[in-house]
$ cat input24.pdb   # PDB, C-alpha atoms
MODEL        1
ATOM      1  CA  MET A   1     -89.179 -31.666 -51.804
ATOM      2  CA  ALA A   2     -88.107 -28.667 -53.869
ATOM      3  CA  HIS A   3     -90.806 -26.213 -54.763
ATOM      4  CA  ASP A   4     -90.731 -24.635 -58.176
ATOM      5  CA  HIS A   5     -93.242 -21.999 -57.116
ATOM      6  CA  GLU A   6     -94.021 -20.016 -54.020
ATOM      7  CA  HIS A   7     -97.270 -20.442 -52.244
ATOM      8  CA  THR A   8     -98.902 -19.186 -49.101
ATOM      9  CA  PRO A   9     -99.792 -21.518 -46.218
ATOM     10  CA  THR A  10    -103.470 -21.474 -47.238
ATOM     11  CA  GLU A  11    -102.676 -23.217 -50.516
ATOM     12  CA  ASP A  12    -102.120 -26.930 -50.364
ATOM     13  CA  GLY A  13    -100.417 -29.538 -52.445
ATOM     14  CA  ASP A  14     -97.110 -29.764 -54.255
ATOM     15  CA  HIS A  15     -98.708 -30.229 -57.630
ATOM     16  CA  PRO A  16     -98.360 -27.476 -60.234
ATOM     17  CA  PRO A  17    -101.336 -25.113 -59.841
ATOM     18  CA  THR A  18    -104.279 -25.592 -62.180
ATOM     19  CA  GLU A  19    -105.684 -22.767 -64.234
ATOM     20  CA  TYR A  20    -108.457 -22.183 -61.665
ATOM     21  CA  GLU A  21    -105.979 -22.155 -58.794
ATOM     22  CA  LEU A  22    -103.908 -19.546 -60.606
ATOM     23  CA  LEU A  23    -107.030 -17.495 -61.261
ATOM     24  CA  GLU A  24    -108.038 -17.723 -57.575
ATOM     25  CA  ARG A  25    -104.563 -16.741 -56.457
ATOM     26  CA  ALA A  26    -104.382 -13.763 -58.805
ATOM     27  CA  LEU A  27    -107.812 -12.531 -57.666
ATOM     28  CA  ARG A  28    -107.027 -13.072 -53.995
ATOM     29  CA  GLU A  29    -103.706 -11.259 -54.198
ATOM     30  CA  LEU A  30    -105.325  -8.362 -56.000
ATOM     31  CA  LEU A  31    -108.148  -8.092 -53.457
ATOM     32  CA  ILE A  32    -105.675  -8.209 -50.559
ATOM     33  CA  GLU A  33    -103.522  -5.590 -52.267
ATOM     34  CA  LYS A  34    -106.562  -3.352 -52.702
ATOM     35  CA  GLY A  35    -107.502  -3.783 -49.055
ATOM     36  CA  VAL A  36    -110.844  -5.530 -49.682
ATOM     37  CA  PHE A  37    -109.803  -8.229 -47.186
ATOM     38  CA  THR A  38    -106.624  -9.413 -45.521
ATOM     39  CA  ALA A  39    -104.670 -12.657 -45.661
ATOM     40  CA  GLU A  40    -105.773 -13.152 -42.049
ATOM     41  CA  ASP A  41    -109.419 -12.943 -43.159
ATOM     42  CA  VAL A  42    -108.756 -15.696 -45.718
ATOM     43  CA  ARG A  43    -107.081 -17.900 -43.127
ATOM     44  CA  ARG A  44    -109.895 -17.357 -40.636
ATOM     45  CA  THR A  45    -112.540 -18.167 -43.244
ATOM     46  CA  ILE A  46    -110.774 -21.416 -44.158
ATOM     47  CA  ASP A  47    -110.590 -22.219 -40.443
ATOM     48  CA  ASP A  48    -114.292 -21.570 -40.102
ATOM     49  CA  TRP A  49    -115.120 -23.917 -42.991
ATOM     50  CA  ASP A  50    -113.002 -26.616 -41.394
ATOM     51  CA  THR A  51    -115.285 -26.570 -38.338
ATOM     52  CA  ARG A  52    -118.314 -27.369 -40.498
ATOM     53  CA  THR A  53    -118.352 -31.131 -40.869
ATOM     54  CA  PRO A  54    -120.869 -33.966 -41.243
ATOM     55  CA  ALA A  55    -120.434 -34.604 -37.495
ATOM     56  CA  ASN A  56    -122.510 -31.455 -36.892
ATOM     57  CA  GLY A  57    -125.347 -32.960 -38.895
ATOM     58  CA  GLY A  58    -124.907 -36.200 -36.953
ATOM     59  CA  LYS A  59    -125.603 -34.379 -33.695
ATOM     60  CA  VAL A  60    -128.747 -32.805 -35.152
ATOM     61  CA  VAL A  61    -129.987 -36.195 -36.391
ATOM     62  CA  ALA A  62    -129.205 -37.994 -33.113
ATOM     63  CA  ARG A  63    -131.085 -35.340 -31.133
ATOM     64  CA  ALA A  64    -134.076 -35.719 -33.460
ATOM     65  CA  TRP A  65    -133.997 -39.503 -32.943
ATOM     66  CA  THR A  66    -134.027 -39.189 -29.158
ATOM     67  CA  ASP A  67    -136.257 -36.160 -28.592
ATOM     68  CA  PRO A  68    -139.630 -36.174 -30.427
ATOM     69  CA  GLU A  69    -140.300 -32.531 -29.587
ATOM     70  CA  TYR A  70    -136.937 -31.516 -31.003
ATOM     71  CA  LYS A  71    -137.711 -33.540 -34.127
ATOM     72  CA  ALA A  72    -141.018 -31.707 -34.564
ATOM     73  CA  ARG A  73    -139.212 -28.370 -34.276
ATOM     74  CA  LEU A  74    -136.509 -29.540 -36.681
ATOM     75  CA  LEU A  75    -139.093 -30.452 -39.312
ATOM     76  CA  SER A  76    -141.136 -27.254 -38.925
ATOM     77  CA  ASP A  77    -138.315 -24.701 -38.536
ATOM     78  CA  SER A  78    -135.065 -26.453 -39.391
ATOM     79  CA  LYS A  79    -132.782 -23.446 -39.075
ATOM     80  CA  ALA A  80    -133.959 -22.487 -35.590
ATOM     81  CA  ALA A  81    -133.722 -26.085 -34.375
ATOM     82  CA  ILE A  82    -130.186 -26.473 -35.751
ATOM     83  CA  GLU A  83    -129.145 -23.225 -34.093
ATOM     84  CA  GLU A  84    -130.548 -24.510 -30.791
ATOM     85  CA  LEU A  85    -127.640 -26.986 -30.768
ATOM     86  CA  GLY A  86    -125.131 -24.159 -31.145
ATOM     87  CA  PHE A  87    -124.501 -24.355 -34.879
ATOM     88  CA  ASP A  88    -124.404 -21.055 -36.731
ATOM     89  CA  VAL A  89    -125.745 -21.739 -40.214
ATOM     90  CA  GLY A  90    -125.942 -18.101 -41.268
ATOM     91  CA  PRO A  91    -128.903 -16.030 -42.436
ATOM     92  CA  ALA A  92    -129.242 -17.702 -45.854
ATOM     93  CA  PRO A  93    -129.787 -20.004 -47.584
ATOM     94  CA  GLN A  94    -132.436 -21.745 -45.510
ATOM     95  CA  ILE A  95    -131.903 -25.378 -44.554
ATOM     96  CA  VAL A  96    -134.922 -27.657 -44.781
ATOM     97  CA  VAL A  97    -134.947 -31.131 -43.204
ATOM     98  CA  LEU A  98    -136.667 -33.996 -45.043
ATOM     99  CA  GLU A  99    -137.766 -36.939 -42.911
ATOM    100  CA  ASN A 100    -137.277 -40.466 -44.182
ATOM    101  CA  THR A 101    -140.028 -42.836 -43.086
ATOM    102  CA  PRO A 102    -140.845 -46.517 -43.700
ATOM    103  CA  ARG A 103    -142.956 -45.296 -46.659
ATOM    104  CA  ARG A 104    -140.711 -42.613 -48.162
ATOM    105  CA  HIS A 105    -136.981 -42.289 -48.839
ATOM    106  CA  HIS A 106    -135.579 -38.878 -49.821
ATOM    107  CA  VAL A 107    -132.459 -38.308 -51.880
ATOM    108  CA  VAL A 108    -131.074 -34.845 -52.564
ATOM    109  CA  VAL A 109    -129.304 -33.491 -55.642
ATOM    110  CA  CYS A 110    -128.580 -30.148 -57.240
ATOM    111  CA  THR A 111    -128.830 -30.767 -60.977
ATOM    112  CA  LEU A 112    -127.895 -27.168 -61.807
ATOM    113  CA  CYS A 113    -124.693 -26.883 -59.755
ATOM    114  CA  SER A 114    -123.755 -28.256 -56.330
ATOM    115  CA  CYS A 115    -126.114 -26.664 -53.764
ATOM    116  CA  TYR A 116    -125.625 -28.465 -50.453
ATOM    117  CA  PRO A 117    -126.205 -27.610 -46.773
ATOM    118  CA  ARG A 118    -122.602 -26.394 -46.523
ATOM    119  CA  THR A 119    -123.139 -24.126 -43.552
ATOM    120  CA  LEU A 120    -123.914 -27.209 -41.463
ATOM    121  CA  LEU A 121    -122.035 -30.084 -43.155
ATOM    122  CA  GLY A 122    -119.108 -28.281 -44.790
ATOM    123  CA  LEU A 123    -118.093 -28.861 -48.389
ATOM    124  CA  PRO A 124    -119.897 -31.510 -50.441
ATOM    125  CA  PRO A 125    -118.103 -34.667 -51.566
ATOM    126  CA  ASP A 126    -116.721 -34.736 -55.104
ATOM    127  CA  TRP A 127    -119.266 -37.312 -56.295
ATOM    128  CA  TYR A 128    -122.117 -34.966 -55.280
ATOM    129  CA  LYS A 129    -120.727 -32.374 -57.696
ATOM    130  CA  SER A 130    -120.100 -34.845 -60.520
ATOM    131  CA  LYS A 131    -122.171 -34.659 -63.713
ATOM    132  CA  GLU A 132    -122.648 -38.405 -63.420
ATOM    133  CA  TYR A 133    -124.479 -38.198 -60.066
ATOM    134  CA  ARG A 134    -126.362 -35.015 -60.913
ATOM    135  CA  SER A 135    -127.688 -36.277 -64.213
ATOM    136  CA  ARG A 136    -128.415 -39.871 -63.247
ATOM    137  CA  VAL A 137    -129.997 -39.651 -59.797
ATOM    138  CA  VAL A 138    -133.031 -37.753 -61.111
ATOM    139  CA  VAL A 139    -133.615 -40.261 -63.938
ATOM    140  CA  GLU A 140    -132.791 -43.559 -62.249
ATOM    141  CA  PRO A 141    -132.551 -42.955 -58.496
ATOM    142  CA  ARG A 142    -133.008 -46.622 -57.645
ATOM    143  CA  ALA A 143    -130.095 -47.703 -59.817
ATOM    144  CA  VAL A 144    -127.852 -44.963 -58.397
ATOM    145  CA  LEU A 145    -128.783 -45.824 -54.812
ATOM    146  CA  LYS A 146    -128.042 -49.475 -55.528
ATOM    147  CA  GLU A 147    -124.528 -48.429 -56.559
ATOM    148  CA  PHE A 148    -124.184 -46.856 -53.107
ATOM    149  CA  GLY A 149    -125.273 -50.203 -51.653
ATOM    150  CA  THR A 150    -128.776 -48.983 -50.818
ATOM    151  CA  GLU A 151    -131.754 -51.144 -51.766
ATOM    152  CA  VAL A 152    -135.063 -49.333 -51.481
ATOM    153  CA  PRO A 153    -138.060 -51.733 -51.694
ATOM    154  CA  ASP A 154    -140.577 -51.007 -54.448
ATOM    155  CA  ASP A 155    -143.325 -50.253 -51.928
ATOM    156  CA  VAL A 156    -141.258 -47.365 -50.530
ATOM    157  CA  GLU A 157    -141.588 -44.120 -52.491
ATOM    158  CA  ILE A 158    -138.308 -42.599 -53.586
ATOM    159  CA  LYS A 159    -138.587 -38.855 -53.560
ATOM    160  CA  VAL A 160    -135.753 -37.047 -55.314
ATOM    161  CA  VAL A 161    -135.440 -33.422 -54.217
ATOM    162  CA  ASP A 162    -133.644 -31.188 -56.706
ATOM    163  CA  SER A 163    -132.195 -28.230 -54.823
ATOM    164  CA  THR A 164    -132.599 -25.674 -57.579
ATOM    165  CA  ALA A 165    -133.032 -22.348 -55.800
ATOM    166  CA  ASP A 166    -132.824 -20.729 -52.365
ATOM    167  CA  LEU A 167    -133.166 -23.729 -50.053
ATOM    168  CA  ARG A 168    -130.744 -26.423 -48.979
ATOM    169  CA  TYR A 169    -131.976 -29.880 -48.055
ATOM    170  CA  LEU A 170    -130.797 -32.241 -45.336
ATOM    171  CA  VAL A 171    -132.200 -35.756 -45.021
ATOM    172  CA  LEU A 172    -133.199 -37.014 -41.579
ATOM    173  CA  PRO A 173    -132.500 -40.738 -41.996
ATOM    174  CA  GLU A 174    -134.511 -43.403 -40.195
ATOM    175  CA  ARG A 175    -133.137 -44.492 -36.840
ATOM    176  CA  PRO A 176    -131.554 -47.906 -37.355
ATOM    177  CA  ALA A 177    -133.094 -50.943 -35.643
ATOM    178  CA  GLY A 178    -131.384 -52.254 -32.535
ATOM    179  CA  THR A 179    -130.243 -48.853 -31.278
ATOM    180  CA  GLU A 180    -132.666 -48.560 -28.355
ATOM    181  CA  GLY A 181    -129.953 -48.617 -25.696
ATOM    182  CA  LEU A 182    -127.503 -46.243 -27.380
ATOM    183  CA  SER A 183    -126.596 -42.808 -26.075
ATOM    184  CA  GLU A 184    -127.028 -39.703 -28.194
ATOM    185  CA  ASP A 185    -123.278 -39.618 -28.910
ATOM    186  CA  GLU A 186    -123.297 -43.272 -29.943
ATOM    187  CA  LEU A 187    -126.259 -42.610 -32.215
ATOM    188  CA  ALA A 188    -124.540 -39.590 -33.776
ATOM    189  CA  ALA A 189    -121.620 -41.830 -34.734
ATOM    190  CA  LEU A 190    -123.979 -43.898 -36.933
ATOM    191  CA  VAL A 191    -124.918 -40.848 -38.995
ATOM    192  CA  THR A 192    -122.772 -40.489 -42.112
ATOM    193  CA  ARG A 193    -122.547 -37.644 -44.557
ATOM    194  CA  ASP A 194    -123.998 -39.874 -47.280
ATOM    195  CA  CYS A 195    -127.123 -40.777 -45.307
ATOM    196  CA  MET A 196    -127.872 -37.062 -44.847
ATOM    197  CA  VAL A 197    -127.841 -36.711 -48.652
ATOM    198  CA  GLY A 198    -130.047 -39.810 -48.815
ATOM    199  CA  VAL A 199    -127.845 -42.078 -50.924
ATOM    200  CA  THR A 200    -127.539 -44.448 -47.963
ATOM    201  CA  ASN A 201    -129.263 -45.198 -44.681
ATOM    202  CA  ALA A 202    -127.648 -44.544 -41.298
ATOM    203  CA  ASN A 203    -125.168 -47.227 -40.273
ATOM    204  CA  PRO A 204    -126.434 -50.168 -38.231
ATOM    205  CA  PRO A 205    -125.056 -50.365 -34.669
ATOM    206  CA  GLY A 206    -121.977 -52.412 -33.825
TER     207      GLY A 206
ATOM    208  CA  MET B   1    -139.998  -4.157 -51.399
ATOM    209  CA  ALA B   2    -141.379  -5.910 -48.336
ATOM    210  CA  ASP B   3    -142.248  -9.575 -48.715
ATOM    211  CA  ALA B   4    -145.836  -8.785 -47.723
ATOM    212  CA  GLU B   5    -146.253  -6.788 -50.923
ATOM    213  CA  VAL B   6    -145.587  -9.869 -53.043
ATOM    214  CA  ALA B   7    -148.462 -12.352 -52.882
ATOM    215  CA  TYR B   8    -148.410 -16.047 -53.647
ATOM    216  CA  GLY B   9    -150.402 -16.804 -56.794
ATOM    217  CA  PHE B  10    -150.604 -20.556 -56.171
ATOM    218  CA  ALA B  11    -151.706 -22.655 -53.229
ATOM    219  CA  PRO B  12    -150.520 -26.087 -52.080
ATOM    220  CA  GLY B  13    -152.395 -28.824 -53.920
ATOM    221  CA  GLN B  14    -152.886 -26.758 -57.059
ATOM    222  CA  ARG B  15    -151.869 -28.363 -60.361
ATOM    223  CA  VAL B  16    -149.346 -26.432 -62.425
ATOM    224  CA  ARG B  17    -147.317 -26.757 -65.584
ATOM    225  CA  VAL B  18    -143.726 -25.561 -65.823
ATOM    226  CA  LYS B  19    -143.364 -23.098 -68.665
ATOM    227  CA  THR B  20    -141.308 -23.999 -71.701
ATOM    228  CA  GLY B  21    -138.790 -21.797 -73.416
ATOM    229  CA  ASP B  22    -135.064 -21.484 -73.139
ATOM    230  CA  PRO B  23    -134.131 -17.909 -72.245
ATOM    231  CA  PRO B  24    -130.445 -17.148 -71.741
ATOM    232  CA  GLY B  25    -129.049 -16.311 -68.314
ATOM    233  CA  HIS B  26    -128.903 -17.693 -64.791
ATOM    234  CA  ILE B  27    -132.116 -19.743 -64.958
ATOM    235  CA  ARG B  28    -132.916 -21.879 -61.894
ATOM    236  CA  THR B  29    -135.611 -23.964 -63.620
ATOM    237  CA  PRO B  30    -134.003 -27.210 -64.789
ATOM    238  CA  THR B  31    -134.462 -27.900 -68.491
ATOM    239  CA  TYR B  32    -135.728 -31.440 -67.832
ATOM    240  CA  LEU B  33    -138.770 -30.070 -65.966
ATOM    241  CA  ARG B  34    -139.851 -27.507 -68.543
ATOM    242  CA  GLY B  35    -143.302 -28.325 -69.919
ATOM    243  CA  LYS B  36    -143.925 -30.942 -67.187
ATOM    244  CA  GLU B  37    -147.042 -31.028 -65.017
ATOM    245  CA  GLY B  38    -146.933 -31.266 -61.259
ATOM    246  CA  VAL B  39    -148.595 -30.093 -58.081
ATOM    247  CA  ILE B  40    -147.687 -27.321 -55.658
ATOM    248  CA  GLU B  41    -146.342 -29.095 -52.589
ATOM    249  CA  ASP B  42    -145.334 -26.109 -50.451
ATOM    250  CA  ARG B  43    -144.706 -22.388 -50.422
ATOM    251  CA  GLN B  44    -140.994 -21.836 -49.916
ATOM    252  CA  GLY B  45    -140.718 -18.088 -49.357
ATOM    253  CA  ILE B  46    -140.352 -14.904 -51.382
ATOM    254  CA  TYR B  47    -136.907 -14.204 -52.788
ATOM    255  CA  ARG B  48    -135.092 -11.735 -54.961
ATOM    256  CA  ASN B  49    -135.086 -13.019 -58.541
ATOM    257  CA  PRO B  50    -131.830 -14.971 -58.996
ATOM    258  CA  GLU B  51    -132.056 -14.570 -62.780
ATOM    259  CA  GLU B  52    -131.337 -10.869 -62.219
ATOM    260  CA  LEU B  53    -129.179 -11.086 -59.086
ATOM    261  CA  ALA B  54    -126.625 -13.082 -61.055
ATOM    262  CA  PHE B  55    -126.039 -10.035 -63.230
ATOM    263  CA  GLY B  56    -125.644  -7.553 -60.400
ATOM    264  CA  LYS B  57    -129.235  -6.282 -60.650
ATOM    265  CA  PRO B  58    -131.452  -5.859 -57.565
ATOM    266  CA  GLY B  59    -133.697  -8.812 -58.440
ATOM    267  CA  LEU B  60    -136.880  -6.890 -57.725
ATOM    268  CA  PRO B  61    -139.773  -7.394 -57.554
ATOM    269  CA  LYS B  62    -139.206 -10.474 -55.432
ATOM    270  CA  LYS B  63    -140.625 -13.770 -56.656
ATOM    271  CA  PRO B  64    -142.622 -16.409 -54.777
ATOM    272  CA  LEU B  65    -140.876 -19.774 -54.723
ATOM    273  CA  TYR B  66    -142.662 -23.133 -54.563
ATOM    274  CA  LEU B  67    -141.698 -26.718 -53.997
ATOM    275  CA  VAL B  68    -143.367 -28.477 -56.929
ATOM    276  CA  ARG B  69    -143.867 -32.239 -56.884
ATOM    277  CA  PHE B  70    -143.885 -34.342 -60.030
ATOM    278  CA  ARG B  71    -144.613 -38.013 -60.613
ATOM    279  CA  GLN B  72    -141.420 -39.522 -61.997
ATOM    280  CA  GLN B  73    -143.473 -41.200 -64.724
ATOM    281  CA  ASP B  74    -144.694 -37.739 -65.804
ATOM    282  CA  VAL B  75    -141.129 -36.437 -66.002
ATOM    283  CA  TRP B  76    -139.530 -39.396 -67.776
ATOM    284  CA  ARG B  77    -141.664 -41.320 -70.288
ATOM    285  CA  ASP B  78    -139.692 -44.527 -69.728
ATOM    286  CA  TYR B  79    -139.133 -44.221 -65.958
ATOM    287  CA  SER B  80    -138.430 -47.734 -64.780
ATOM    288  CA  GLY B  81    -139.305 -47.444 -61.057
ATOM    289  CA  PRO B  82    -142.696 -47.747 -59.331
ATOM    290  CA  GLY B  83    -145.442 -45.264 -60.220
ATOM    291  CA  THR B  84    -145.331 -43.886 -56.683
ATOM    292  CA  ASP B  85    -141.811 -42.455 -57.077
ATOM    293  CA  THR B  86    -141.709 -38.668 -57.140
ATOM    294  CA  LEU B  87    -139.375 -35.757 -57.745
ATOM    295  CA  SER B  88    -139.681 -32.298 -56.222
ATOM    296  CA  ALA B  89    -137.889 -29.097 -57.135
ATOM    297  CA  ASP B  90    -138.027 -25.451 -56.114
ATOM    298  CA  ILE B  91    -139.501 -23.370 -58.924
ATOM    299  CA  TYR B  92    -140.230 -19.644 -59.066
ATOM    300  CA  GLU B  93    -143.756 -18.480 -59.764
ATOM    301  CA  HIS B  94    -142.971 -16.809 -63.081
ATOM    302  CA  TRP B  95    -141.989 -20.230 -64.411
ATOM    303  CA  LEU B  96    -145.361 -21.801 -63.518
ATOM    304  CA  GLU B  97    -148.809 -21.683 -65.093
ATOM    305  CA  ALA B  98    -152.101 -23.038 -63.748
ATOM    306  CA  ILE B  99    -153.702 -26.017 -65.510
TER     307      ILE B  99
ENDMDL
END

$ encode --input "input24.pdb" --output "structure tokens"
Amino acid sequence: MAHDHEHTPTEDGDHPPTEYELLERALRELLIEKGVFTAEDVRRTIDDWDTRTPANGGKVVARAWTDPEYKARLLSDSKAAIEELGFDVGPAPQIVVLENTPRRHHVVVCTLCSCYPRTLLGLPPDWYKSKEYRSRVVVEPRAVLKEFGTEVPDDVEIKVVDSTADLRYLVLPERPAGTEGLSEDELAALVTRDCMVGVTNANPPG
Amino acid sequence: MADAEVAYGFAPGQRVRVKTGDPPGHIRTPTYLRGKEGVIEDRQGIYRNPEELAFGKPGLPKKPLYLVRFRQQDVWRDYSGPGTDTLSADIYEHWLEAI
């Protein structure tokens, strides 16, 4: 396909650049030209973000499901417990883990922007950043969860956590029934990005 | 300024009201919670003031941050879910007043 513009390998897509993409490119080229960082730094940073995926969170959750002492550490000092598994989540912002129980279901939102535990899970999904999700989940969490296919019984408290400031929240979903014989890796495969935001539960086995 | 020099003014369990008002700038207190009453759930640390950091200022003195829990029925007059449903948000001390 013929390109009607030049772009560097770190830019994707054949579509004409949007206004924001042009702005980013102009800024980036200027900063490289001024020696603030190099094109190699940009590439390496993109590479680094690509290693941060929901699978990392899945490993943390599966360990918490299988090791009660790890779970206790994860709930009391989330950052240190996540780093124990070899994940570098940086000095700030702090990640805090919220435990779902048979009595309480957490769901996380950032109504002000799109705060998300990026240093562990990578970039948030588009719906998490949408005005629709951000405005509705605080007002009618049960209706929004239902749209994700998640029915929370009335005798279970729904606790919405609005990530407004310096902390990032990760939901520890309940371990699904019927998973007693599964290995840690098999358990981790049941943990989806969405259940760590709290809009769903972890997948059932099988 | 060391964190130790900034003291928490509220304790977990204490009832608070979020201040009203609509100052300009990088405010981290959601509009929908202003004027609402809740309870201090946890102390979340002492941080540089983001309202100033956003404008390239040092954000000092640092501000205590709290997780504040609200009953959904206190936030939304016509909340349709059970009375036990809650909502928590991180709110800086200078946005809270004791009740």

$ resolve_selection --input "input24.pdb" --expression "the PyMOL selection byres ((chain A) within 6 of (chain B))" --output "list in words"
Glu157, Ile158, Lys159, Val160, Val161, Asp162, Thr164 and Ala165 of chain A

$ resolve_selection --input "input24.pdb" --expression "the PyMOL selection byres ((chain A and resi 201) around 9)" --output "PyMOL selection string"
chain A and resi 150+173-176+191-192+194-196+198-200+202-204

$ residues_around --input "input24.pdb" --residues "Leu96 of chain B" --least-positions-apart "5" --cutoff "7 Å" --atoms "only C-alpha atoms" --output "ChimeraX atom specification"
/B:16-19

$ residues_around --input "input24.pdb" --residues "Thr111 of chain A" --least-positions-apart "5" --cutoff "9 Å" --atoms "all atoms listed in the file" --output "ChimeraX atom specification"
/A:129,131,133-135,138,162-164 /B:30

$ atom_distance --input "input24.pdb" --atom1 "atom CA of Glu51 of chain B" --atom2 "atom CA of Asp166 of chain A"
12.1 Å

$ atom_distance --input "input24.pdb" --atom1 "atom CA of Asn100 of chain A" --atom2 "atom CA of Val156 of chain A"
10.2 Å

$ resolve_selection --input "input24.pdb" --expression "the PyMOL selection byres ((chain A and resi 63-76) around 8)" --output "list in words"
Lys59, Val60, Val61, Ala62, Asp77, Ser78, Lys79, Ala80, Ala81, Ile82, Val96, Val97, Leu98, Glu99, Arg175 and Glu184 of chain A

$ atom_distance --input "input24.pdb" --atom1 "atom CA of Leu145 of chain A" --atom2 "atom CA of Glu180 of chain A"
26.9 Å

$ closest_residue --input "input24.pdb" --among "A:Pro102, A:Arg118, A:Phe37, A:Gly86" --to "Asp154 of chain A" --atoms "all atoms listed in the file"
A:Pro102

$ axis_aligned_box --input "input24.pdb" --around "segment 106-121 of chain A" --padding-each-side "4 Å" --output "AutoDock Vina command-line options"
--center_x -128.8 --center_y -31.5 --center_z -51.6 --size_x 21.5 --size_y 22.8 --size_z 28.3

$ build_atoms --input "input24.pdb" --residues "segment 92-107 of chain A" --atoms "N, CA and C atoms" --output "PDB file, in the frame of the given file"
ATOM      1  N   ALA A  92    -128.724 -17.082 -44.626  1.00  0.00           N
ATOM      2  CA  ALA A  92    -129.242 -17.702 -45.854  1.00  0.00           C
ATOM      3  C   ALA A  92    -128.122 -18.556 -46.442  1.00  0.00           C
ATOM      4  N   PRO A  93    -128.444 -19.533 -47.253  1.00  0.00           N
ATOM      5  CA  PRO A  93    -129.787 -20.004 -47.584  1.00  0.00           C
ATOM      6  C   PRO A  93    -130.395 -20.840 -46.457  1.00  0.00           C
ATOM      7  N   GLN A  94    -131.709 -20.956 -46.493  1.00  0.00           N
ATOM      8  CA  GLN A  94    -132.436 -21.745 -45.510  1.00  0.00           C
ATOM      9  C   GLN A  94    -132.139 -23.229 -45.658  1.00  0.00           C
ATOM     10  N   ILE A  95    -132.032 -23.920 -44.521  1.00  0.00           N
ATOM     11  CA  ILE A  95    -131.903 -25.378 -44.554  1.00  0.00           C
ATOM     12  C   ILE A  95    -133.269 -25.982 -44.227  1.00  0.00           C
ATOM     13  N   VAL A  96    -133.658 -26.962 -45.012  1.00  0.00           N
ATOM     14  CA  VAL A  96    -134.922 -27.657 -44.781  1.00  0.00           C
ATOM     15  C   VAL A  96    -134.617 -29.139 -44.577  1.00  0.00           C
ATOM     16  N   VAL A  97    -135.194 -29.724 -43.513  1.00  0.00           N
ATOM     17  CA  VAL A  97    -134.947 -31.131 -43.204  1.00  0.00           C
ATOM     18  C   VAL A  97    -136.074 -31.991 -43.751  1.00  0.00           C
ATOM     19  N   LEU A  98    -135.711 -33.065 -44.437  1.00  0.00           N
ATOM     20  CA  LEU A  98    -136.667 -33.996 -45.043  1.00  0.00           C
ATOM     21  C   LEU A  98    -136.611 -35.306 -44.263  1.00  0.00           C
ATOM     22  N   GLU A  99    -137.752 -35.751 -43.762  1.00  0.00           N
ATOM     23  CA  GLU A  99    -137.766 -36.939 -42.911  1.00  0.00           C
ATOM     24  C   GLU A  99    -137.992 -38.221 -43.706  1.00  0.00           C
ATOM     25  N   ASN A 100    -137.054 -39.140 -43.620  1.00  0.00           N
ATOM     26  CA  ASN A 100    -137.277 -40.466 -44.182  1.00  0.00           C
ATOM     27  C   ASN A 100    -138.180 -41.263 -43.256  1.00  0.00           C
ATOM     28  N   THR A 101    -139.086 -42.015 -43.864  1.00  0.00           N
ATOM     29  CA  THR A 101    -140.028 -42.836 -43.086  1.00  0.00           C
ATOM     30  C   THR A 101    -140.049 -44.234 -43.709  1.00  0.00           C
ATOM     31  N   PRO A 102    -140.755 -45.178 -43.081  1.00  0.00           N
ATOM     32  CA  PRO A 102    -140.845 -46.517 -43.700  1.00  0.00           C
ATOM     33  C   PRO A 102    -141.535 -46.481 -45.070  1.00  0.00           C
ATOM     34  N   ARG A 103    -142.244 -45.376 -45.388  1.00  0.00           N
ATOM     35  CA  ARG A 103    -142.956 -45.296 -46.659  1.00  0.00           C
ATOM     36  C   ARG A 103    -142.254 -44.419 -47.692  1.00  0.00           C
ATOM     37  N   ARG A 104    -141.302 -43.588 -47.236  1.00  0.00           N
ATOM     38  CA  ARG A 104    -140.711 -42.613 -48.162  1.00  0.00           C
ATOM     39  C   ARG A 104    -139.243 -42.403 -47.877  1.00  0.00           C
ATOM     40  N   HIS A 105    -138.430 -42.502 -48.956  1.00  0.00           N
ATOM     41  CA  HIS A 105    -136.981 -42.289 -48.839  1.00  0.00           C
ATOM     42  C   HIS A 105    -136.598 -41.081 -49.703  1.00  0.00           C
ATOM     43  N   HIS A 106    -136.007 -40.068 -49.081  1.00  0.00           N
ATOM     44  CA  HIS A 106    -135.579 -38.878 -49.821  1.00  0.00           C
ATOM     45  C   HIS A 106    -134.128 -39.008 -50.267  1.00  0.00           C
ATOM     46  N   VAL A 107    -133.853 -38.449 -51.442  1.00  0.00           N
ATOM     47  CA  VAL A 107    -132.459 -38.308 -51.880  1.00  0.00           C
ATOM     48  C   VAL A 107    -132.325 -36.923 -52.529  1.00  0.00           C
TER      49      VAL A 107
END
